[in-house]
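Text of my_file.cif, listed as mmCIF, C-alpha atoms:
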data_query
loop_
_atom_site.label_atom_id
_atom_site.label_comp_id
_atom_site.auth_asym_id
_atom_site.auth_seq_id
_atom_site.Cartn_x
_atom_site.Cartn_y
_atom_site.Cartn_z
CA MET A 18 67.37 159.14 171.18
CA GLN A 19 65.58 162.44 171.69
CA TYR A 20 66.22 165.47 169.44
CA ARG A 21 65.94 169.14 170.23
CA THR A 22 66.42 172.41 168.40
CA LEU A 23 69.76 174.07 169.11
CA GLY A 24 68.62 177.43 170.42
CA ARG A 25 66.97 179.35 167.60
CA THR A 26 69.25 178.01 164.85
CA GLY A 27 66.75 175.47 163.53
CA VAL A 28 69.44 172.78 163.76
CA GLN A 29 68.21 169.52 165.30
CA VAL A 30 70.65 167.84 167.68
CA SER A 31 70.54 164.75 169.86
CA SER A 32 69.92 165.14 173.60
CA LEU A 33 73.19 163.26 174.20
CA ALA A 34 76.20 164.61 172.31
CA LEU A 35 79.62 163.04 171.92
CA GLY A 36 82.45 164.96 173.55
CA ALA A 37 85.88 164.02 172.19
CA MET A 38 88.16 165.33 174.93
CA ASN A 39 89.29 161.80 175.78
CA PHE A 40 90.38 160.99 172.24
CA GLY A 41 94.16 160.68 172.15
CA ARG A 42 96.64 161.22 174.93
CA ILE A 43 94.19 162.61 177.50
CA GLY A 44 92.10 159.45 177.59
CA ARG A 45 94.77 157.17 176.11
CA THR A 46 92.32 156.37 173.31
CA THR A 47 93.74 155.10 170.01
CA GLN A 48 92.43 156.05 166.58
CA ASP A 49 90.76 152.66 166.17
CA GLU A 50 89.06 153.04 169.56
CA ALA A 51 87.97 156.58 168.77
CA THR A 52 86.54 155.52 165.42
CA ALA A 53 84.65 152.65 167.06
CA ILE A 54 83.18 155.08 169.61
CA VAL A 55 82.10 157.48 166.87
CA ASP A 56 80.60 154.60 164.84
CA ALA A 57 78.58 153.36 167.82
CA ALA A 58 77.47 156.85 168.81
CA LEU A 59 76.20 157.65 165.32
CA GLU A 60 74.48 154.27 165.10
CA ALA A 61 72.68 155.08 168.38
CA GLY A 62 71.40 158.37 166.99
CA ILE A 63 73.93 160.88 168.33
CA ASN A 64 74.48 163.53 165.67
CA LEU A 65 76.55 166.19 167.47
CA ILE A 66 80.29 165.76 168.07
CA ASP A 67 82.17 168.34 170.11
CA THR A 68 85.93 168.74 170.36
CA ALA A 69 88.49 171.56 170.84
CA ASP A 70 91.85 172.57 169.46
CA MET A 71 93.58 172.22 172.82
CA TYR A 72 92.47 168.63 173.48
CA GLY A 73 95.76 166.78 173.15
CA ASP A 74 97.24 169.81 171.34
CA GLY A 75 95.07 169.12 168.32
CA GLU A 76 95.17 165.33 168.50
CA SER A 77 91.47 165.02 169.31
CA GLU A 78 90.50 167.08 166.26
CA GLU A 79 92.70 164.93 164.03
CA MET A 80 91.14 161.73 165.37
CA VAL A 81 87.61 163.09 165.00
CA GLY A 82 88.41 164.13 161.43
CA LYS A 83 89.55 160.63 160.52
CA ALA A 84 86.58 159.03 162.27
CA ILE A 85 83.97 161.09 160.43
CA ALA A 86 85.58 161.00 156.99
CA GLY A 87 82.98 160.34 154.31
CA ARG A 88 79.97 161.24 156.47
CA ARG A 89 80.59 164.88 157.36
CA ASP A 90 77.18 166.08 156.21
CA ASP A 91 75.34 163.80 158.67
CA ILE A 92 77.10 165.34 161.69
CA VAL A 93 76.73 168.61 163.55
CA LEU A 94 80.43 169.29 164.13
CA ALA A 95 81.55 171.61 166.92
CA THR A 96 84.98 172.69 168.09
CA LYS A 97 86.44 175.35 170.36
CA ALA A 98 89.36 177.80 170.49
CA GLY A 99 90.92 180.21 172.93
CA MET A 100 92.96 178.08 175.31
CA PRO A 101 96.78 178.23 175.01
CA MET A 102 98.15 176.18 172.11
CA SER A 103 101.85 176.91 172.72
CA ASP A 104 104.16 179.03 174.84
CA GLU A 105 103.79 181.88 172.36
CA ARG A 106 101.70 184.50 174.15
CA ASN A 107 99.50 185.26 171.14
CA HIS A 108 98.64 181.62 170.42
CA GLN A 109 95.61 181.84 172.69
CA GLY A 110 92.66 184.05 173.52
CA SER A 111 89.87 185.43 171.35
CA SER A 112 91.54 188.17 169.34
CA ARG A 113 90.88 188.37 165.60
CA ARG A 114 94.58 187.69 165.02
CA TRP A 115 94.42 184.34 166.80
CA LEU A 116 90.91 183.15 165.93
CA VAL A 117 91.51 183.40 162.18
CA THR A 118 94.64 181.28 162.51
CA ALA A 119 93.16 178.89 165.08
CA LEU A 120 90.12 178.14 162.92
CA ASP A 121 92.25 177.41 159.85
CA ASN A 122 94.34 175.04 161.98
CA SER A 123 91.21 173.29 163.28
CA LEU A 124 89.73 172.90 159.81
CA ARG A 125 92.98 171.38 158.59
CA ARG A 126 93.14 168.91 161.47
CA LEU A 127 89.47 167.97 161.09
CA GLY A 128 89.81 167.63 157.33
CA VAL A 129 86.71 169.76 156.63
CA ASP A 130 85.99 173.13 155.03
CA HIS A 131 83.66 174.38 157.80
CA VAL A 132 82.41 173.61 161.28
CA ASP A 133 78.79 173.93 162.34
CA LEU A 134 79.52 175.46 165.73
CA TYR A 135 82.68 177.37 166.69
CA GLN A 136 82.93 178.14 170.40
CA ILE A 137 85.12 180.48 172.45
CA HIS A 138 86.49 178.06 175.03
CA ARG A 139 86.70 180.58 177.88
CA TRP A 140 85.95 184.26 178.28
CA ASP A 141 89.11 186.24 177.48
CA PRO A 142 89.25 189.34 179.74
CA ARG A 143 92.02 190.84 177.59
CA THR A 144 89.89 191.02 174.44
CA GLY A 145 86.81 193.16 173.90
CA ASP A 146 83.54 191.57 172.82
CA GLU A 147 83.37 193.69 169.65
CA GLU A 148 86.81 192.43 168.55
CA THR A 149 85.82 188.79 169.03
CA LEU A 150 82.30 189.01 167.64
CA SER A 151 83.40 190.94 164.55
CA ALA A 152 86.02 188.28 163.78
CA LEU A 153 83.50 185.47 164.29
CA THR A 154 80.94 187.28 162.15
CA ASP A 155 83.45 187.61 159.31
CA LEU A 156 84.41 183.93 159.59
CA GLN A 157 80.72 183.05 159.44
CA ARG A 158 80.19 185.19 156.35
CA ALA A 159 83.21 183.52 154.77
CA GLY A 160 81.43 180.16 155.18
CA LYS A 161 84.02 178.67 157.53
CA ILE A 162 81.59 178.44 160.44
CA ARG A 163 77.82 178.15 160.46
CA HIS A 164 77.18 179.37 164.00
CA PHE A 165 79.27 180.43 166.99
CA GLY A 166 78.90 180.14 170.73
CA SER A 167 80.55 180.62 174.10
CA SER A 168 81.80 178.12 176.66
CA THR A 169 81.86 178.48 180.44
CA PHE A 170 81.11 182.21 180.33
CA PRO A 171 79.83 183.91 183.49
CA ALA A 172 76.23 185.04 183.13
CA TYR A 173 77.10 188.72 183.09
CA ARG A 174 79.55 188.17 180.22
CA ILE A 175 76.88 186.34 178.22
CA VAL A 176 74.60 189.34 178.66
CA GLN A 177 77.38 191.79 177.74
CA ALA A 178 78.20 189.86 174.57
CA GLN A 179 74.54 189.82 173.54
CA TRP A 180 74.34 193.58 174.07
CA THR A 181 77.55 194.15 172.07
CA ALA A 182 76.24 192.09 169.16
CA ARG A 183 73.04 194.12 169.05
CA GLU A 184 74.78 197.47 169.51
CA HIS A 185 77.30 196.87 166.71
CA HIS A 186 75.06 194.82 164.38
CA LEU A 187 77.22 191.71 164.66
CA GLY A 188 76.45 188.01 164.80
CA ARG A 189 75.76 186.75 168.32
CA TYR A 190 76.59 183.73 170.40
CA VAL A 191 73.77 181.26 169.82
CA THR A 192 74.96 178.63 172.32
CA GLU A 193 76.64 178.37 175.70
CA GLN A 194 78.55 175.34 176.98
CA PRO A 195 78.62 175.34 180.80
CA SER A 196 79.49 172.72 183.40
CA TYR A 197 76.34 171.20 184.93
CA SER A 198 75.53 168.16 187.03
CA ILE A 199 73.51 167.12 190.05
CA LEU A 200 76.50 168.07 192.21
CA GLN A 201 77.21 171.37 190.44
CA ARG A 202 73.93 173.24 190.05
CA GLY A 203 75.08 176.84 190.33
CA ILE A 204 74.24 177.69 186.72
CA GLU A 205 70.55 177.20 187.55
CA SER A 206 70.63 180.47 189.47
CA HIS A 207 72.38 182.68 186.90
CA VAL A 208 73.52 181.18 183.57
CA LEU A 209 70.45 179.15 182.59
CA PRO A 210 67.97 182.00 183.17
CA VAL A 211 70.12 184.16 180.86
CA THR A 212 70.38 181.53 178.11
CA GLU A 213 66.61 181.05 178.24
CA GLU A 214 66.09 184.81 177.99
CA TYR A 215 68.22 185.01 174.84
CA GLY A 216 67.03 181.77 173.28
CA MET A 217 70.48 180.16 173.36
CA GLY A 218 71.16 176.47 172.98
CA VAL A 219 72.93 174.89 175.96
CA LEU A 220 75.41 172.01 175.68
CA VAL A 221 76.42 170.96 179.18
CA TRP A 222 79.76 169.36 179.98
CA SER A 223 80.76 167.12 182.89
CA PRO A 224 77.20 165.89 183.58
CA LEU A 225 78.75 162.92 185.42
CA ALA A 226 80.72 165.29 187.67
CA SER A 227 84.20 164.04 186.71
CA GLY A 228 83.16 160.48 187.50
CA TRP A 229 81.42 161.07 190.83
CA LEU A 230 78.07 160.11 189.29
CA THR A 231 79.10 157.07 187.25
CA GLY A 232 78.44 154.56 190.04
CA ALA A 233 82.14 153.71 190.26
CA ILE A 234 82.69 155.99 193.25
CA ARG A 235 80.97 154.72 196.37
CA GLU A 236 81.53 154.69 200.10
CA GLY A 237 84.11 152.12 201.19
CA ARG A 238 85.57 151.61 197.73
CA GLU A 239 89.01 152.69 196.62
CA ILE A 240 88.69 155.47 194.06
CA THR A 241 90.62 154.35 190.99
CA THR A 242 88.98 156.29 188.18
CA SER A 243 91.08 157.74 185.37
CA ARG A 244 90.30 161.29 186.47
CA SER A 245 91.36 160.60 190.06
CA THR A 246 94.87 159.66 188.94
CA PHE A 247 95.69 163.17 187.69
CA MET A 248 93.27 165.21 189.83
CA PRO A 249 93.56 163.50 193.21
CA GLN A 250 92.52 166.59 195.17
CA ARG A 251 89.03 166.29 193.69
CA PHE A 252 88.55 162.85 195.17
CA ASP A 253 90.29 163.02 198.55
CA THR A 254 87.42 162.28 200.94
CA ALA A 255 89.44 163.63 203.86
CA MET A 256 88.57 167.07 202.47
CA PRO A 257 85.22 168.37 203.74
CA PHE A 258 83.77 169.27 200.34
CA ASN A 259 84.64 165.80 198.97
CA ARG A 260 83.18 164.19 202.07
CA ALA A 261 79.95 166.08 201.40
CA ARG A 262 79.99 164.88 197.79
CA MET A 263 80.40 161.28 198.88
CA ASP A 264 77.49 161.62 201.28
CA ALA A 265 75.35 163.06 198.47
CA VAL A 266 76.39 160.26 196.09
CA GLU A 267 75.26 157.64 198.61
CA GLN A 268 71.85 159.31 198.90
CA LEU A 269 71.57 159.62 195.14
CA ALA A 270 72.44 155.94 194.71
CA LYS A 271 69.43 155.04 196.86
CA ILE A 272 67.20 157.25 194.71
CA ALA A 273 68.51 155.59 191.55
CA ASP A 274 68.01 152.09 192.96
CA ALA A 275 64.45 152.88 194.02
CA ALA A 276 63.67 154.19 190.53
CA GLY A 277 65.27 151.18 188.82
CA LEU A 278 67.98 153.33 187.24
CA THR A 279 71.74 153.31 187.08
CA MET A 280 73.60 156.28 188.51
CA ILE A 281 74.52 157.30 184.95
CA GLN A 282 70.87 157.26 183.88
CA LEU A 283 69.95 159.33 186.93
CA ALA A 284 72.72 161.86 186.28
CA LEU A 285 72.11 162.29 182.55
CA GLY A 286 68.35 162.20 182.94
CA PHE A 287 68.63 165.00 185.48
CA VAL A 288 70.56 167.47 183.32
CA THR A 289 68.53 166.79 180.17
CA ALA A 290 65.31 167.34 182.13
CA HIS A 291 66.02 171.05 182.56
CA PRO A 292 64.08 173.00 179.91
CA ALA A 293 67.09 175.26 179.21
CA VAL A 294 69.40 172.34 178.37
CA THR A 295 69.65 171.18 174.76
CA SER A 296 72.20 168.36 175.03
CA ALA A 297 74.44 166.69 177.57
CA LEU A 298 78.00 166.06 176.42
CA ILE A 299 79.26 162.58 177.23
CA GLY A 300 82.98 161.89 176.95
CA PRO A 301 83.57 158.13 176.96
CA ARG A 302 87.13 156.76 176.95
CA THR A 303 86.03 153.29 175.86
CA SER A 304 83.19 151.64 173.97
CA ASP A 305 81.96 150.12 177.24
CA HIS A 306 81.74 153.58 178.77
CA LEU A 307 79.75 154.75 175.76
CA GLN A 308 77.25 151.91 176.00
CA ALA A 309 76.64 152.62 179.68
CA GLN A 310 75.96 156.26 178.86
CA LEU A 311 73.80 155.53 175.82
CA ALA A 312 71.46 153.63 178.15
CA ALA A 313 70.32 157.06 179.36
CA ALA A 314 69.29 158.24 175.88
CA ASP A 315 65.58 157.76 176.54
CA THR A 316 65.61 158.28 180.32
CA VAL A 317 62.87 160.58 181.58
CA LEU A 318 62.86 161.21 185.31
CA SER A 319 59.55 161.49 187.14
CA ALA A 320 58.67 164.53 189.22
CA ASP A 321 59.08 162.44 192.38
CA VAL A 322 62.64 161.49 191.43
CA LEU A 323 63.53 165.09 190.57
CA ASP A 324 62.07 166.24 193.89
CA ALA A 325 64.14 163.63 195.71
CA ILE A 326 67.30 164.91 193.97
CA ASP A 327 66.42 168.48 194.99
CA ALA A 328 66.26 167.31 198.60
CA VAL A 329 69.84 166.00 198.37
CA VAL A 330 71.43 168.92 196.50
CA THR A 331 69.75 172.30 196.80
CA PRO A 332 68.78 173.79 193.43
CA GLY A 333 71.11 176.52 192.23
CA THR A 334 74.07 175.51 194.41
CA ASP A 335 77.50 174.05 193.71
CA MET A 336 78.91 171.44 196.05
CA ALA A 337 82.43 172.39 194.94
CA ALA A 338 82.22 176.03 193.90
CA HIS A 339 86.03 176.34 193.86
CA GLU A 340 86.15 173.96 190.88
CA LYS A 341 84.10 176.26 188.66
CA PHE A 342 85.74 177.91 185.66
CA ASP A 343 83.52 180.98 185.38
CA THR A 344 84.71 182.82 188.48
CA PRO A 345 85.34 186.56 187.89
CA PRO A 346 89.12 187.17 187.66
CA ALA A 347 89.09 189.60 190.59
CA LEU A 348 88.04 186.79 192.93
CA LEU A 349 91.08 184.74 191.94
CA ASP A 350 93.74 187.49 191.76
CA PRO A 351 93.86 189.80 194.82
CA SER A 352 95.65 192.50 192.83
CA LEU A 353 92.56 192.98 190.70
CA ARG A 354 90.39 193.94 193.66
CA ARG A 355 92.77 196.36 195.39
CA ARG A 356 93.85 199.87 194.49
#
Take the structure in the file and give it back as structure tokens.
Amino acid sequence: MQYRTLGRTGVQVSSLALGAMNFGRIGRTTQDEATAIVDAALEAGINLIDTADMYGDGESEEMVGKAIAGRRDDIVLATKAGMPMSDERNHQGSSRRWLVTALDNSLRRLGVDHVDLYQIHRWDPRTGDEETLSALTDLQRAGKIRHFGSSTFPAYRIVQAQWTAREHHLGRYVTEQPSYSILQRGIESHVLPVTEEYGMGVLVWSPLASGWLTGAIREGREITTSRSTFMPQRFDTAMPFNRARMDAVEQLAKIADAAGLTMIQLALGFVTAHPAVTSALIGPRTSDHLQAQLAAADTVLSADVLDAIDAVVTPGTDMAAHEKFDTPPALLDPSLRRR
């Protein structure tokens, strides 16, 4: 396992981090299975575990808490808040009112008195940066969080938040958690240059592109992955953008074979090769999935392999831009771009 410094925090984290989204009802993972995954991950050298309050309506946090009981100090523990937690309109977002409550709820579910990294799950256009950063700064000073970060923020919002922190003498986001894979490279053109400029740590999610890069999805095979059962539109190869992804996957499979790598090693080795990336979040549903992903822990791709990948998917481009979560609201809601 490789280790890197998380931004400028001085905290050392593994280049592969354990994402716990699949713990519980989302991945149909039991507590015993989750604990076994955590045990194996820690044994392999992973020291960062990332979850969120909305994963299974808190179930993931509860399962993580039980799995790490008795060894909290050996783990860099991260969670997130901001996504809706109920039908109550104020049980979401990044207002002070909600974040104070949401953090206390997360700490209770995790069974800890602090988290190492508290992340705003999505940019909240209804709440000003000063409101959010002042609340996070106070929670940090209270000892409930060590550091705080953003997740899936557009580049211009990352810049704005950094400016607000400096202008009002508040704590700043020290990490960003964006989506990044061989098939979704858009952040190379805007987000990653910004995080490098501000010295932020970067924890990338979906490095296996929702299963497209696991090796299980290939031309001529029926797509039966877990993700395809509840997001079929992302895997319907009759759609042009999915057809293009399948064509890219076939070319990438040839590159992996020629290099003596699995598709998972190619995919994880690619994202961790970028100098702006600190860790790649893996989210195994089973122990077998974890072992296949851990095989990429020491994968270092050669320049020739990286050049070959660039020839398949152009740097800085997304093959499915409509699946991104950092699109400015005005591009999604016509009423916001018309007088």
Give me the residues near Asp305 (chain A) as a PDB file with C-alpha atoms, in the coordinates of the input, where near means some atom within 10 Å (using all atoms listed in the file) and where sequence neighbours in that chain fewer than 5 positions away do not count.
ATOM      1  CA  ILE A  54      83.180 155.080 169.610  1.00  0.00           C
ATOM      2  CA  GLN A 310      75.960 156.260 178.860  1.00  0.00           C
ATOM      3  CA  LEU A 311      73.800 155.530 175.820  1.00  0.00           C
TER       4      LEU A 311
END
Written as a short mmCIF file (atom, residue, chain, number, x, y, z; two decimals) with C-alpha atoms, in the coordinates of the input, what is the full residue list that the PyMOL selection byres ((chain A and resi 48) around 10) yields on the file shown?
data_model
loop_
_atom_site.label_atom_id
_atom_site.label_comp_id
_atom_site.auth_asym_id
_atom_site.auth_seq_id
_atom_site.Cartn_x
_atom_site.Cartn_y
_atom_site.Cartn_z
CA PHE A 40 90.38 160.99 172.24
CA GLY A 41 94.16 160.68 172.15
CA ARG A 45 94.77 157.17 176.11
CA THR A 46 92.32 156.37 173.31
CA THR A 47 93.74 155.10 170.01
CA ASP A 49 90.76 152.66 166.17
CA GLU A 50 89.06 153.04 169.56
CA ALA A 51 87.97 156.58 168.77
CA THR A 52 86.54 155.52 165.42
CA ALA A 53 84.65 152.65 167.06
CA ILE A 54 83.18 155.08 169.61
CA GLU A 76 95.17 165.33 168.50
CA SER A 77 91.47 165.02 169.31
CA GLU A 79 92.70 164.93 164.03
CA MET A 80 91.14 161.73 165.37
CA VAL A 81 87.61 163.09 165.00
CA LYS A 83 89.55 160.63 160.52
CA ALA A 84 86.58 159.03 162.27
#
Report, in Å to a single decimal, how far apart CA of Trp222 (chain A) and CA of Arg158 (chain A) are.
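Going from CA of Arg158 (chain A) over to CA of Trp222 (chain A), I get 28.4 Å.
Every protein, DNA or RNA residue with an atom at most 12 Å from Arg89 (chain A), where only C-alpha atoms count and chain neighbours fewer than 5 positions away do not, is listed here: Leu59, Asn64, Leu65, Ile66, Val81, Gly82, Lys83, Ala84, Leu94, Ala95, Leu127, Gly128, Val129, Asp130, His131, Val132 and Asp133 of chain A.
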At a cut-off of 9 Å around the point (90.3, 166.4, 172.8) (file coordinates), what residues fall inside when counting only C-alpha atoms? I'd like the answer as a PDB file with C-alpha atoms, keeping the file's coordinate frame.
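Generated file (result_19.pdb):
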ATOM      1  CA  GLY A  36      82.450 164.960 173.550  1.00  0.00           C
ATOM      2  CA  ALA A  37      85.880 164.020 172.190  1.00  0.00           C
ATOM      3  CA  MET A  38      88.160 165.330 174.930  1.00  0.00           C
ATOM      4  CA  ASN A  39      89.290 161.800 175.780  1.00  0.00           C
ATOM      5  CA  PHE A  40      90.380 160.990 172.240  1.00  0.00           C
ATOM      6  CA  GLY A  41      94.160 160.680 172.150  1.00  0.00           C
ATOM      7  CA  ARG A  42      96.640 161.220 174.930  1.00  0.00           C
ATOM      8  CA  ILE A  43      94.190 162.610 177.500  1.00  0.00           C
ATOM      9  CA  GLY A  44      92.100 159.450 177.590  1.00  0.00           C
ATOM     10  CA  ASP A  67      82.170 168.340 170.110  1.00  0.00           C
ATOM     11  CA  THR A  68      85.930 168.740 170.360  1.00  0.00           C
ATOM     12  CA  ALA A  69      88.490 171.560 170.840  1.00  0.00           C
ATOM     13  CA  ASP A  70      91.850 172.570 169.460  1.00  0.00           C
ATOM     14  CA  MET A  71      93.580 172.220 172.820  1.00  0.00           C
ATOM     15  CA  TYR A  72      92.470 168.630 173.480  1.00  0.00           C
ATOM     16  CA  GLY A  73      95.760 166.780 173.150  1.00  0.00           C
ATOM     17  CA  ASP A  74      97.240 169.810 171.340  1.00  0.00           C
ATOM     18  CA  GLY A  75      95.070 169.120 168.320  1.00  0.00           C
ATOM     19  CA  GLU A  76      95.170 165.330 168.500  1.00  0.00           C
ATOM     20  CA  SER A  77      91.470 165.020 169.310  1.00  0.00           C
ATOM     21  CA  GLU A  78      90.500 167.080 166.260  1.00  0.00           C
ATOM     22  CA  MET A  80      91.140 161.730 165.370  1.00  0.00           C
ATOM     23  CA  VAL A  81      87.610 163.090 165.000  1.00  0.00           C
TER      24      VAL A  81
END
Q: Apply the PyMOL selection byres ((chain A and resi 21) around 7) to the structure shown and report the selected residues as a PyMOL selection string.
A: chain A and resi 19-20+22-23+29-32+295
Among the residues A:Leu187, A:Ala172, A:Ala178, A:Ala313, the one that comes closest to Ala152 (chain A) [using only C-alpha atoms]
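Closest to Ala152 (chain A) of all the choices is A:Leu187.
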Using all atoms listed in the file, the residue out of A:Arg262, A:Arg189, A:His164, A:His339 with shortest distance to Gln177 (chain A) is A:Arg189
Q.
To test your reading of the syntax: which residues would the PyMOL selection byres ((chain A and resi 203) around 8) return for the file shown? Reply as a PyMOL selection string.
A. chain A and resi 197+201-202+204-207+332-335
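Between CA of Val294 (chain A) and CA of Leu156 (chain A) there is a distance of 26.7 Å.
CA of Asp350 (chain A) to CA of Arg139 (chain A) spans 17.0 Å [interatomic distance, one decimal].
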Can you patch up region 334-345 of chain A, filling it in to N, CA, C and O atoms, and show the result as a short mmCIF file (atom, residue, chain, number, x, y, z; two decimals), keeping the file's coordinate frame?
data_model
loop_
_atom_site.label_atom_id
_atom_site.label_comp_id
_atom_site.auth_asym_id
_atom_site.auth_seq_id
_atom_site.Cartn_x
_atom_site.Cartn_y
_atom_site.Cartn_z
N THR A 334 72.85 175.48 193.60
CA THR A 334 74.07 175.51 194.41
C THR A 334 75.11 174.55 193.85
O THR A 334 74.79 173.55 193.21
N ASP A 335 76.37 174.90 194.09
CA ASP A 335 77.50 174.05 193.71
C ASP A 335 78.08 173.40 194.96
O ASP A 335 78.35 174.09 195.95
N MET A 336 78.30 172.11 194.92
CA MET A 336 78.91 171.44 196.05
C MET A 336 80.42 171.65 196.10
O MET A 336 81.05 171.41 197.12
N ALA A 337 81.00 172.09 194.99
CA ALA A 337 82.43 172.39 194.94
C ALA A 337 82.61 173.65 194.09
O ALA A 337 83.10 173.59 192.96
N ALA A 338 82.21 174.78 194.65
CA ALA A 338 82.22 176.03 193.90
C ALA A 338 83.63 176.42 193.45
O ALA A 338 83.81 177.07 192.42
N HIS A 339 84.64 175.98 194.21
CA HIS A 339 86.03 176.34 193.86
C HIS A 339 86.50 175.65 192.59
O HIS A 339 87.54 176.01 192.03
N GLU A 340 85.76 174.66 192.11
CA GLU A 340 86.15 173.96 190.88
C GLU A 340 85.51 174.57 189.64
O GLU A 340 85.73 174.09 188.54
N LYS A 341 84.75 175.62 189.81
CA LYS A 341 84.10 176.26 188.66
C LYS A 341 85.13 177.03 187.84
O LYS A 341 86.17 177.46 188.34
N PHE A 342 84.83 177.22 186.56
CA PHE A 342 85.74 177.91 185.66
C PHE A 342 85.19 179.25 185.19
O PHE A 342 85.74 179.86 184.29
N ASP A 343 84.10 179.71 185.81
CA ASP A 343 83.52 180.98 185.38
C ASP A 343 83.60 182.05 186.46
O ASP A 343 82.85 183.01 186.47
N THR A 344 84.54 181.86 187.39
CA THR A 344 84.71 182.82 188.48
C THR A 344 85.31 184.12 187.95
O THR A 344 86.28 184.10 187.20
N PRO A 345 84.75 185.28 188.32
CA PRO A 345 85.34 186.56 187.89
C PRO A 345 86.81 186.64 188.28
O PRO A 345 87.18 186.24 189.40
#
